[in-house]
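query_10.txt (compact mmCIF, C-alpha atoms)
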```txt
# COMPACT_ATOMS: atom_id res chain seq x y z
CA MET A 517 -67.41 81.34 72.14
CA ASN A 518 -64.41 83.64 72.12
CA GLY A 519 -62.51 85.35 69.29
CA ILE A 520 -59.90 82.70 68.56
CA GLN A 521 -62.55 79.95 68.46
CA ILE A 522 -64.57 81.85 65.86
CA LEU A 523 -61.44 82.47 63.78
CA LEU A 524 -60.26 78.83 63.89
CA ILE A 525 -63.72 77.40 63.17
CA THR A 526 -64.16 79.76 60.22
CA LEU A 527 -60.74 78.76 58.82
CA SER A 528 -61.48 75.04 59.30
CA LEU A 529 -64.79 75.41 57.49
CA VAL A 530 -63.21 77.37 54.62
CA ILE A 531 -60.51 74.68 54.21
CA GLY A 532 -63.16 71.95 54.48
CA ILE A 533 -65.42 73.53 51.85
CA TYR A 534 -62.48 74.21 49.54
CA PHE A 535 -61.31 70.59 49.64
CA PHE A 536 -64.88 69.31 49.43
CA ILE A 537 -65.31 71.13 46.12
CA ARG A 538 -62.02 69.65 44.83
CA LEU A 539 -62.45 66.08 46.11
CA ARG A 540 -66.09 65.63 45.12
CA SER A 541 -65.34 62.46 43.16
CA SER A 542 -64.26 60.19 46.00
CA ILE A 543 -66.65 59.21 48.81
CA ALA A 544 -63.83 57.93 51.07
CA ASP A 545 -62.00 61.26 50.80
CA THR A 546 -65.17 63.20 51.57
CA ILE A 547 -65.89 61.11 54.68
CA PHE A 548 -62.27 61.47 55.85
CA LEU A 549 -62.41 65.22 55.30
CA PHE A 550 -65.72 65.51 57.14
CA LEU A 551 -64.38 63.57 60.15
CA LEU A 552 -61.22 65.70 60.18
CA ILE A 553 -63.10 69.01 60.13
CA ALA A 554 -65.67 67.76 62.65
CA SER A 555 -62.98 66.69 65.11
CA ALA A 556 -61.11 69.98 64.58
CA ILE A 557 -64.25 71.99 65.40
CA THR A 558 -65.01 69.76 68.42
CA LEU A 559 -61.50 70.29 69.80
CA ILE A 560 -61.70 74.05 69.19
CA LEU A 561 -65.06 74.27 71.01
CA PHE A 562 -64.03 71.95 73.86
CA PRO A 563 -60.29 72.49 74.46
CA ASN A 564 -60.55 70.50 77.70
CA ILE A 565 -60.54 67.28 75.65
CA THR A 566 -57.00 67.95 74.40
CA THR A 567 -55.90 69.02 77.87
CA LYS A 568 -57.17 65.74 79.33
CA ALA A 569 -55.46 63.74 76.58
CA ALA A 570 -52.26 65.73 77.16
CA ARG A 571 -52.28 65.03 80.90
CA TRP A 572 -52.86 61.36 80.24
CA LEU A 573 -49.78 61.36 77.92
CA HIS A 574 -47.76 63.41 80.44
CA VAL A 575 -47.64 66.47 78.23
CA GLY A 576 -48.10 69.81 80.00
CA ARG A 577 -50.75 71.52 77.90
CA GLY A 578 -53.31 70.43 75.31
CA ALA A 579 -51.95 73.01 72.83
CA ASP A 580 -48.48 71.41 73.13
CA LEU A 581 -49.88 67.98 72.32
CA VAL A 582 -51.63 69.35 69.23
CA PHE A 583 -48.37 71.04 68.22
CA TYR A 584 -46.34 67.81 68.55
CA ILE A 585 -48.84 65.78 66.57
CA SER A 586 -49.02 68.48 63.87
CA THR A 587 -45.23 68.48 63.51
CA MET A 588 -45.18 64.71 62.98
CA LEU A 589 -48.01 64.94 60.47
CA PHE A 590 -46.18 67.74 58.68
CA TRP A 591 -43.05 65.61 58.21
CA PHE A 592 -45.11 62.65 57.11
CA LEU A 593 -46.81 64.80 54.49
CA ILE A 594 -43.49 66.19 53.22
CA LEU A 595 -42.16 62.65 52.72
CA LYS A 596 -45.37 61.59 50.99
CA LEU A 597 -45.10 64.56 48.64
CA TYR A 598 -41.43 63.80 47.95
CA ALA A 599 -42.29 60.20 47.12
CA ARG A 600 -44.99 61.36 44.76
CA GLN A 601 -42.63 63.86 43.16
CA ARG A 602 -40.02 61.15 42.55
CA LYS A 603 -42.63 58.95 40.95
CA LEU A 604 -43.75 61.81 38.74
CA GLU A 605 -40.14 62.48 37.76
CA GLN A 606 -39.66 58.82 36.83
CA THR A 607 -42.77 58.91 34.66
CA LEU A 608 -41.57 62.08 32.97
CA THR A 609 -38.16 60.49 32.37
CA GLN A 610 -39.77 57.46 30.75
CA ILE A 611 -41.81 59.65 28.41
CA ILE A 612 -38.81 61.74 27.35
CA ARG A 613 -36.60 58.65 26.98
CA HIS A 614 -39.22 56.89 24.88
CA GLN A 615 -39.59 59.94 22.65
CA SER A 616 -35.83 60.37 22.13
CA LEU A 617 -35.36 56.66 21.32
CA GLN A 618 -38.29 56.72 18.93
CA VAL A 619 -37.07 59.80 17.06
CA THR A 620 -33.55 58.40 16.66
CA THR A 621 -34.61 54.90 15.57
CA GLU A 622 -37.14 56.37 13.13
CA GLN A 623 -34.48 58.63 11.64
CA LYS A 624 -32.13 55.65 11.29
CA ASN A 625 -34.77 53.55 9.53
CA LYS A 626 -35.95 56.36 7.30
CA PRO A 627 -33.00 56.52 4.85
CA ALA A 628 -33.20 52.75 4.39
CA ALA A 629 -36.92 52.97 3.70
CA ASP A 630 -36.39 55.88 1.31
CA GLU A 631 -33.78 53.91 -0.58
CA GLN A 632 -36.12 50.95 -0.85
CA GLN A 633 -38.82 53.25 -2.11
CA SER A 634 -36.59 54.82 -4.77
CA GLY A 635 -35.35 51.35 -5.72
CA LYS A 636 -38.93 50.29 -6.33
CA ASN A 637 -39.58 53.35 -8.46
CA HIS A 638 -36.64 52.52 -10.68
CA THR A 639 -37.85 49.04 -11.49
CA MET B 334 -4.40 49.30 18.22
CA HIS B 335 -7.90 48.47 19.29
CA THR B 336 -8.91 44.91 18.86
CA GLN B 337 -12.43 43.69 18.41
CA LYS B 338 -13.14 40.09 19.23
CA ASN B 339 -15.63 38.17 17.09
CA ASN B 340 -17.01 41.40 15.67
CA ASP B 341 -18.46 42.37 19.04
CA THR B 342 -20.30 45.63 19.01
CA VAL B 343 -18.91 48.21 21.42
CA ALA B 344 -21.05 51.28 22.08
CA ILE B 345 -19.52 54.37 23.66
CA ILE B 346 -22.16 56.42 25.44
CA VAL B 347 -21.37 60.13 25.72
CA PRO B 348 -23.82 62.15 27.84
CA VAL B 349 -23.74 65.82 26.87
CA TYR B 350 -25.33 68.78 28.63
CA ASN B 351 -24.48 72.37 27.71
CA GLU B 352 -20.87 71.59 26.88
CA ASP B 353 -18.69 73.89 24.84
CA PRO B 354 -19.37 72.78 21.22
CA SER B 355 -15.65 72.85 20.32
CA VAL B 356 -14.83 70.53 23.25
CA VAL B 357 -17.64 68.09 22.40
CA ASP B 358 -16.73 68.09 18.71
CA ALA B 359 -13.10 67.28 19.54
CA VAL B 360 -14.10 64.45 21.91
CA ILE B 361 -16.58 62.95 19.40
CA GLU B 362 -14.08 63.24 16.56
CA THR B 363 -11.48 61.23 18.49
CA LEU B 364 -14.07 58.61 19.43
CA GLN B 365 -15.27 58.30 15.83
CA LYS B 366 -11.78 57.21 14.81
CA LEU B 367 -12.20 54.05 16.90
CA PRO B 368 -13.88 50.96 15.44
CA PHE B 369 -16.78 51.47 17.88
CA THR B 370 -20.31 52.83 17.78
CA VAL B 371 -20.71 56.26 19.35
CA VAL B 372 -24.00 57.05 21.10
CA ILE B 373 -24.32 60.72 22.01
CA VAL B 374 -27.11 61.55 24.47
CA ASP B 375 -27.84 65.26 24.40
CA ASP B 376 -29.60 65.90 27.70
CA GLY B 377 -31.58 68.93 26.60
CA SER B 378 -28.66 71.29 25.89
CA ALA B 379 -29.66 74.86 25.07
CA ILE B 380 -27.70 74.57 21.83
CA PRO B 381 -28.30 71.04 20.48
CA VAL B 382 -25.20 68.95 19.68
CA SER B 383 -24.24 69.69 16.09
CA VAL B 384 -22.42 66.42 15.28
CA ARG B 385 -23.83 64.79 12.16
CA PRO B 386 -25.11 61.26 12.77
CA ASP B 387 -23.82 58.52 10.47
CA GLU B 388 -23.83 54.72 10.46
CA LYS B 389 -21.58 54.53 13.50
CA THR B 390 -22.67 57.71 15.27
CA HIS B 391 -26.10 58.01 16.83
CA ILE B 392 -27.55 61.09 18.51
CA LEU B 393 -30.37 60.90 21.02
CA ARG B 394 -31.90 64.06 22.43
CA HIS B 395 -33.95 64.62 25.57
CA PHE B 396 -36.12 67.64 24.86
CA ILE B 397 -35.77 68.78 28.45
CA ASN B 398 -32.83 68.36 30.83
CA LEU B 399 -33.19 65.32 33.11
CA GLY B 400 -29.68 64.77 34.48
CA GLN B 401 -26.64 62.63 33.71
CA GLY B 402 -28.09 59.46 35.24
CA ALA B 403 -31.15 59.69 32.98
CA ALA B 404 -28.95 60.41 29.95
CA LEU B 405 -26.83 57.31 30.64
CA GLN B 406 -29.93 55.12 31.02
CA THR B 407 -31.25 56.39 27.69
CA GLY B 408 -27.88 55.43 26.20
CA PHE B 409 -28.18 51.98 27.81
CA GLU B 410 -31.66 51.49 26.34
CA PHE B 411 -30.43 52.48 22.89
CA SER B 412 -27.45 50.13 23.21
CA LYS B 413 -29.90 47.29 23.80
CA ILE B 414 -31.77 48.24 20.62
CA ILE B 415 -28.58 48.16 18.54
CA ASN B 416 -27.54 44.92 20.29
CA ALA B 417 -24.28 46.22 21.71
CA ASP B 418 -22.16 43.58 23.48
CA TYR B 419 -20.10 46.07 25.48
CA ILE B 420 -20.87 49.58 26.64
CA ILE B 421 -18.45 52.32 27.61
CA THR B 422 -19.54 55.52 29.32
CA PHE B 423 -17.35 58.48 28.45
CA ASP B 424 -17.67 62.08 29.68
CA ALA B 425 -17.99 64.79 27.04
CA ASP B 426 -15.75 67.36 28.76
CA GLY B 427 -12.51 65.89 27.44
CA GLN B 428 -11.16 64.61 30.79
CA HIS B 429 -10.95 60.95 29.74
CA GLN B 430 -8.26 59.39 27.57
CA VAL B 431 -9.31 57.35 24.56
CA SER B 432 -6.36 55.01 25.20
CA ASP B 433 -7.99 53.92 28.49
CA ILE B 434 -11.02 52.42 26.74
CA GLU B 435 -9.05 49.36 25.68
CA LYS B 436 -7.90 48.77 29.28
CA LEU B 437 -11.50 48.76 30.47
CA LEU B 438 -12.68 46.44 27.71
CA LEU B 439 -10.05 43.71 28.17
CA PRO B 440 -11.36 42.24 31.48
CA LEU B 441 -14.87 42.16 30.01
CA GLN B 442 -13.76 40.46 26.80
CA SER B 443 -11.78 37.86 28.73
CA ASN B 444 -14.87 37.34 30.93
CA GLU B 445 -13.07 38.31 34.14
CA ALA B 446 -15.59 40.99 35.06
CA ASP B 447 -19.06 42.28 34.16
CA VAL B 448 -18.30 45.89 34.98
CA CYS B 449 -15.03 47.84 34.87
CA LEU B 450 -14.84 51.11 36.75
CA GLY B 451 -12.20 53.68 35.91
CA SER B 452 -10.22 54.96 38.88
CA ARG B 453 -7.97 57.99 39.22
CA PHE B 454 -6.52 56.79 42.51
CA ILE B 455 -4.96 53.45 41.72
CA GLY B 456 -1.83 53.13 39.66
CA PRO B 457 0.40 56.14 38.91
CA GLN B 458 -0.86 59.17 40.81
CA ASN B 459 -2.48 61.93 38.91
CA LYS B 460 -0.82 65.25 39.61
CA THR B 461 -3.45 67.50 38.06
CA ILE B 462 -6.00 66.82 40.83
CA SER B 463 -6.30 69.75 43.23
CA LYS B 464 -6.37 69.30 47.00
CA GLY B 465 -9.96 70.53 47.33
CA ARG B 466 -11.13 68.07 44.73
CA THR B 467 -9.32 65.20 46.42
CA ILE B 468 -11.19 65.97 49.65
CA THR B 469 -14.52 66.09 47.80
CA ILE B 470 -13.81 62.75 46.15
CA LYS B 471 -12.69 61.17 49.42
CA THR B 472 -15.91 62.32 51.11
CA ALA B 473 -17.87 60.87 48.20
CA ARG B 474 -15.99 57.61 48.69
CA LEU B 475 -17.01 57.54 52.36
CA PHE B 476 -20.66 58.12 51.49
CA ASN B 477 -20.46 55.44 48.83
CA PHE B 478 -19.28 53.07 51.52
CA ILE B 479 -22.09 54.08 53.89
CA PHE B 480 -24.74 53.55 51.24
CA THR B 481 -23.35 50.51 49.44
CA GLY B 482 -20.96 48.82 51.87
CA LYS B 483 -18.30 48.79 49.17
CA ILE B 484 -15.05 50.72 49.30
CA LEU B 485 -14.04 51.90 45.87
CA SER B 486 -10.98 54.02 45.27
CA ASP B 487 -12.83 56.38 42.95
CA ALA B 488 -16.48 57.00 43.59
CA HIS B 489 -17.42 59.28 40.74
CA ASN B 490 -15.39 58.48 37.66
CA GLY B 491 -17.35 58.83 34.42
CA LEU B 492 -15.30 56.23 32.54
CA ARG B 493 -16.90 52.81 32.97
CA ALA B 494 -17.41 49.66 30.92
CA PHE B 495 -20.30 47.17 31.08
CA ASN B 496 -20.94 43.85 29.39
CA ARG B 497 -24.31 42.64 28.18
CA THR B 498 -25.17 40.94 31.50
CA ALA B 499 -24.56 44.19 33.36
CA LEU B 500 -26.49 46.15 30.75
CA GLU B 501 -29.51 43.86 31.14
CA THR B 502 -29.51 44.03 34.94
CA ILE B 503 -28.56 47.64 35.69
CA SER B 504 -31.40 50.09 35.22
CA LEU B 505 -30.76 53.56 36.58
CA THR B 506 -33.59 55.40 38.29
CA GLU B 507 -31.49 58.21 39.79
CA ASN B 508 -31.68 60.95 37.18
CA ARG B 509 -28.99 63.19 38.60
CA MET B 510 -25.48 62.56 39.94
CA ALA B 511 -26.52 59.96 42.54
CA HIS B 512 -26.45 57.46 39.65
CA ALA B 513 -22.73 56.88 40.36
CA THR B 514 -23.61 55.33 43.73
CA GLU B 515 -26.69 53.66 42.25
CA ILE B 516 -24.47 51.80 39.76
CA ILE B 517 -22.47 50.35 42.68
CA LEU B 518 -25.70 49.48 44.52
CA LYS B 519 -26.98 47.62 41.45
CA ILE B 520 -23.63 45.84 41.00
CA LYS B 521 -23.93 44.59 44.57
CA LYS B 522 -27.63 43.70 44.31
CA ASN B 523 -27.18 41.72 41.09
CA ARG B 524 -23.90 40.17 42.26
CA LEU B 525 -22.01 41.41 39.20
CA ARG B 526 -18.26 40.97 39.03
CA TYR B 527 -16.49 44.32 38.97
CA LYS B 528 -12.96 45.52 38.64
CA GLU B 529 -11.32 48.90 39.15
CA ILE B 530 -8.96 49.91 36.39
CA PRO B 531 -6.43 52.73 36.69
CA VAL B 532 -7.21 55.50 34.23
CA SER B 533 -5.69 58.90 33.77
CA VAL B 534 -7.79 62.02 33.95
CA LEU B 535 -6.84 65.25 32.33
CA TYR B 536 -8.10 68.19 34.34
CA THR B 537 -8.40 71.31 32.28
CA ASN B 538 -9.90 74.54 33.56
CA TYR B 539 -12.90 73.67 31.45
CA SER B 540 -13.51 70.20 32.91
CA LEU B 541 -12.99 71.54 36.44
CA LYS B 542 -15.66 74.14 35.90
CA LYS B 543 -18.05 71.47 34.67
CA GLY B 544 -17.20 69.01 37.46
CA GLN B 545 -18.96 68.36 40.74
CA SER B 546 -18.84 70.97 43.48
CA ALA B 547 -18.94 70.10 47.17
CA LEU B 548 -22.35 71.75 47.45
CA ASN B 549 -23.62 69.49 44.70
CA GLY B 550 -22.45 66.62 46.89
CA LEU B 551 -25.14 67.50 49.42
CA ARG B 552 -27.76 67.13 46.72
CA ILE B 553 -26.34 63.69 45.87
CA ILE B 554 -26.57 62.62 49.52
CA LEU B 555 -30.19 63.82 49.73
CA ASP B 556 -31.03 61.91 46.54
CA LEU B 557 -29.41 58.77 47.96
CA PHE B 558 -31.36 59.03 51.21
CA LEU B 559 -34.59 59.34 49.28
CA ASN B 560 -33.55 56.43 47.05
CA LYS B 561 -32.99 54.22 50.09
CA LEU B 562 -36.27 55.39 51.60
CA PHE B 563 -38.52 54.83 48.63
CA GLU B 564 -37.01 52.06 46.53
```
Could you spell out this file's structure in structure tokens?
Amino acid sequence: MNGIQILLITLSLVIGIYFFIRLRSSIADTIFLFLLIASAITLILFPNITTKAARWLHVGRGADLVFYISTMLFWFLILKLYARQRKLEQTLTQIIRHQSLQVTTEQKNKPAADEQQSGKNHT
Amino acid sequence: MHTQKNNDTVAIIVPVYNEDPSVVDAVIETLQKLPFTVVIVDDGSAIPVSVRPDEKTHILRHFINLGQGAALQTGFEFSKIINADYIITFDADGQHQVSDIEKLLLPLQSNEADVCLGSRFIGPQNKTISKGRTITIKTARLFNFIFTGKILSDAHNGLRAFNRTALETISLTENRMAHATEIILKIKKNRLRYKEIPVSVLYTNYSLKKGQSALNGLRIILDLFLNKLFE
């Protein structure tokens, strides 16, 4: 095992452990994470696998193939995050809208209710 | 003067965000003179709008800033609560003319259209529009066409009128300025009848400062792309 392999495996394990602690609740997530880290470590230890796959896909080097796939995954993740952010924004908007409508309608109904109340007191 | 058919309720929605209080007060004061309901939506201004609510004037306040699209939708929701038959959207920066409201209402009241959109570029030409602004608006018009397939002479005019059918079917999800294009998308999707009405716009230094910059246009385009992608 050479230097870069030790570094990459350590980083993969740290990321894996970190996410494992966070995602403890879901079994599916844990299995997915385990498979991801396991395949990362396998590819780091046996770089020939990526090279073979790269040749088969007519890409020069294994590292290039990994780079291309990572770029695609990166864009996919950005879009996923954007979609989630938009959803969050819509939820926030609904909450604020609901609150503003409630405050205004309550204020409008209040004077009428107060008048009714004082009217009752008079009788 | 302004006519009201069969005691129809007309609500004028005024979205406000960090406007000069003296400008807003002047705009609201002119609107209050009309026989219509005024719905002010304060979109989280640093200094809350100081207009006193009364029977015909309602103030809604977002406690954080969401954007003009969100403010308009809040106004729409409130208009449904007060059972408004017609809704006018009116910018708070003093660029719109009160006399134009009647022109926008007429086609709705005579049931010729469901939505009336104010346009600066049909009818007598407006001389106060700068060259740079004309280019920005023309680019916006092109993008409107790309996204909606409809060519409108004025893509981003804040003066619009909606009837109850339009109010029930249009629900804005674009919080920021992309709502202008979203309105056209919803008109098309719900097959609403629309009409462009010539209106005059008064550009003061103040309203120009508050208006849309070309850079802001990029943000609108990004929002529209995301809207198309995720809706």
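The closest residue to Pro354 (chain B), picked from B:Asp426, B:Asp376, B:Asp341, B:Glu529 and counting all atoms listed in the file, is B:Asp426.
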> When you draw a straight line from CA of Arg385 (chain B) to CA of Asn538 (chain B), how long is it in Å?
Replying inline: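 Atom-to-atom, CA of Arg385 (chain B) and CA of Asn538 (chain B) are spaced 27.3 Å apart.
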Specify as a tab-separated table (two decimals) with C-alpha atoms, keeping the file's coordinate frame all residues of chain A found within 10 Å of chain B, counting only C-alpha atoms.
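The result, stored in selection.tsv:
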```
chain	number	residue	atom	x	y	z
A	595	LEU	CA	-42.16	62.65	52.72
A	596	LYS	CA	-45.37	61.59	50.99
A	598	TYR	CA	-41.43	63.80	47.95
A	599	ALA	CA	-42.29	60.20	47.12
A	600	ARG	CA	-44.99	61.36	44.76
A	602	ARG	CA	-40.02	61.15	42.55
A	603	LYS	CA	-42.63	58.95	40.95
A	605	GLU	CA	-40.14	62.48	37.76
A	606	GLN	CA	-39.66	58.82	36.83
A	608	LEU	CA	-41.57	62.08	32.97
A	609	THR	CA	-38.16	60.49	32.37
A	610	GLN	CA	-39.77	57.46	30.75
A	611	ILE	CA	-41.81	59.65	28.41
A	612	ILE	CA	-38.81	61.74	27.35
A	613	ARG	CA	-36.60	58.65	26.98
A	614	HIS	CA	-39.22	56.89	24.88
A	615	GLN	CA	-39.59	59.94	22.65
A	616	SER	CA	-35.83	60.37	22.13
A	617	LEU	CA	-35.36	56.66	21.32
A	618	GLN	CA	-38.29	56.72	18.93
A	619	VAL	CA	-37.07	59.80	17.06
A	620	THR	CA	-33.55	58.40	16.66
A	621	THR	CA	-34.61	54.90	15.57
A	623	GLN	CA	-34.48	58.63	11.64
A	624	LYS	CA	-32.13	55.65	11.29
```
> Near region 362-369 of chain B, counting all atoms listed in the file, which residues have an atom at most 7 Å away, once you skip same-chain residues fewer than 5 positions from it, shown as a count of residues only?
Replying inline: 3
Per-axis box centre and lengths in Å around region 579-593 of chain A, 8 Å margin per side, axis-aligned, as AutoDock Vina command-line options:
```
--center_x -47.5 --center_y 67.8 --center_z 63.8 --size_x 24.9 --size_y 26.4 --size_z 34.6
```
>> Could you list, as an MDAnalysis selection string, every residue within 12 Å of Phe536 (chain A), counting all atoms listed in the file and ignoring same-chain residues fewer than 4 positions away?
In response: chainID A and resid 528:532 540:550 552:553
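Residues lying within 9 Å of (-17.4, 59.8, 32.6). Counted over only C-alpha atoms, they are B:Val347, B:Pro348, B:Thr422, B:Phe423, B:Asp424, B:Ala425, B:Asp426, B:Gln428, B:His429, B:Gly451, B:His489, B:Asn490, B:Gly491, B:Leu492, B:Arg493.
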> Looking at all atoms listed in the file, which of A:Met517, A:Glu622, A:Leu561, A:Ala556 is the one that sits closest to Val582 (chain A)?
Replying inline: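 Of A:Met517, A:Glu622, A:Leu561, A:Ala556, the one nearest Val582 (chain A) is A:Ala556, counting all atoms listed in the file.
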> If we count all atoms listed in the file, what is near Val532 (chain B) at a cut-off of 12 Å, once residues fewer than 4 positions away on the same chain are taken out, given as a PyMOL selection string?
Replying inline: chain B and resi 428-437+449-459+486-487+490-493
Selection above as a file: C-alpha atoms, as a tab-separated table (two decimals), in the coordinates of the input:
```
chain	number	residue	atom	x	y	z
B	428	GLN	CA	-11.16	64.61	30.79
B	429	HIS	CA	-10.95	60.95	29.74
B	430	GLN	CA	-8.26	59.39	27.57
B	431	VAL	CA	-9.31	57.35	24.56
B	432	SER	CA	-6.36	55.01	25.20
B	433	ASP	CA	-7.99	53.92	28.49
B	434	ILE	CA	-11.02	52.42	26.74
B	435	GLU	CA	-9.05	49.36	25.68
B	436	LYS	CA	-7.90	48.77	29.28
B	437	LEU	CA	-11.50	48.76	30.47
B	449	CYS	CA	-15.03	47.84	34.87
B	450	LEU	CA	-14.84	51.11	36.75
B	451	GLY	CA	-12.20	53.68	35.91
B	452	SER	CA	-10.22	54.96	38.88
B	453	ARG	CA	-7.97	57.99	39.22
B	454	PHE	CA	-6.52	56.79	42.51
B	455	ILE	CA	-4.96	53.45	41.72
B	456	GLY	CA	-1.83	53.13	39.66
B	457	PRO	CA	0.40	56.14	38.91
B	458	GLN	CA	-0.86	59.17	40.81
B	459	ASN	CA	-2.48	61.93	38.91
B	486	SER	CA	-10.98	54.02	45.27
B	487	ASP	CA	-12.83	56.38	42.95
B	490	ASN	CA	-15.39	58.48	37.66
B	491	GLY	CA	-17.35	58.83	34.42
B	492	LEU	CA	-15.30	56.23	32.54
B	493	ARG	CA	-16.90	52.81	32.97
```
>> So the first atom is CA of Tyr584 (chain A) and the second is CA of Gln521 (chain A); what is the distance between them in Å, to one decimal place?
In response: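 Distance reported for this atom pair: 20.3 Å.
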>> Quick one: residues within 8 Å of Thr502 (chain B), only C-alpha atoms, excluding same-chain residues fewer than 3 positions away - as a VMD selection string?
In response: chain B and resid 498 to 499 519 523
Dump of C-alpha atoms for the selected residues, as a short mmCIF file (atom, residue, chain, number, x, y, z; two decimals), in the coordinates of the input:
```cif
data_model
loop_
_atom_site.label_atom_id
_atom_site.label_comp_id
_atom_site.auth_asym_id
_atom_site.auth_seq_id
_atom_site.Cartn_x
_atom_site.Cartn_y
_atom_site.Cartn_z
CA THR B 498 -25.17 40.94 31.50
CA ALA B 499 -24.56 44.19 33.36
CA LYS B 519 -26.98 47.62 41.45
CA ASN B 523 -27.18 41.72 41.09
#
```
> In Å, with one decimal, what is the gap from CA of Thr537 (chain B) to CA of Ala359 (chain B)?
Replying inline: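 Between CA of Thr537 (chain B) and CA of Ala359 (chain B) the gap works out to 14.2 Å.
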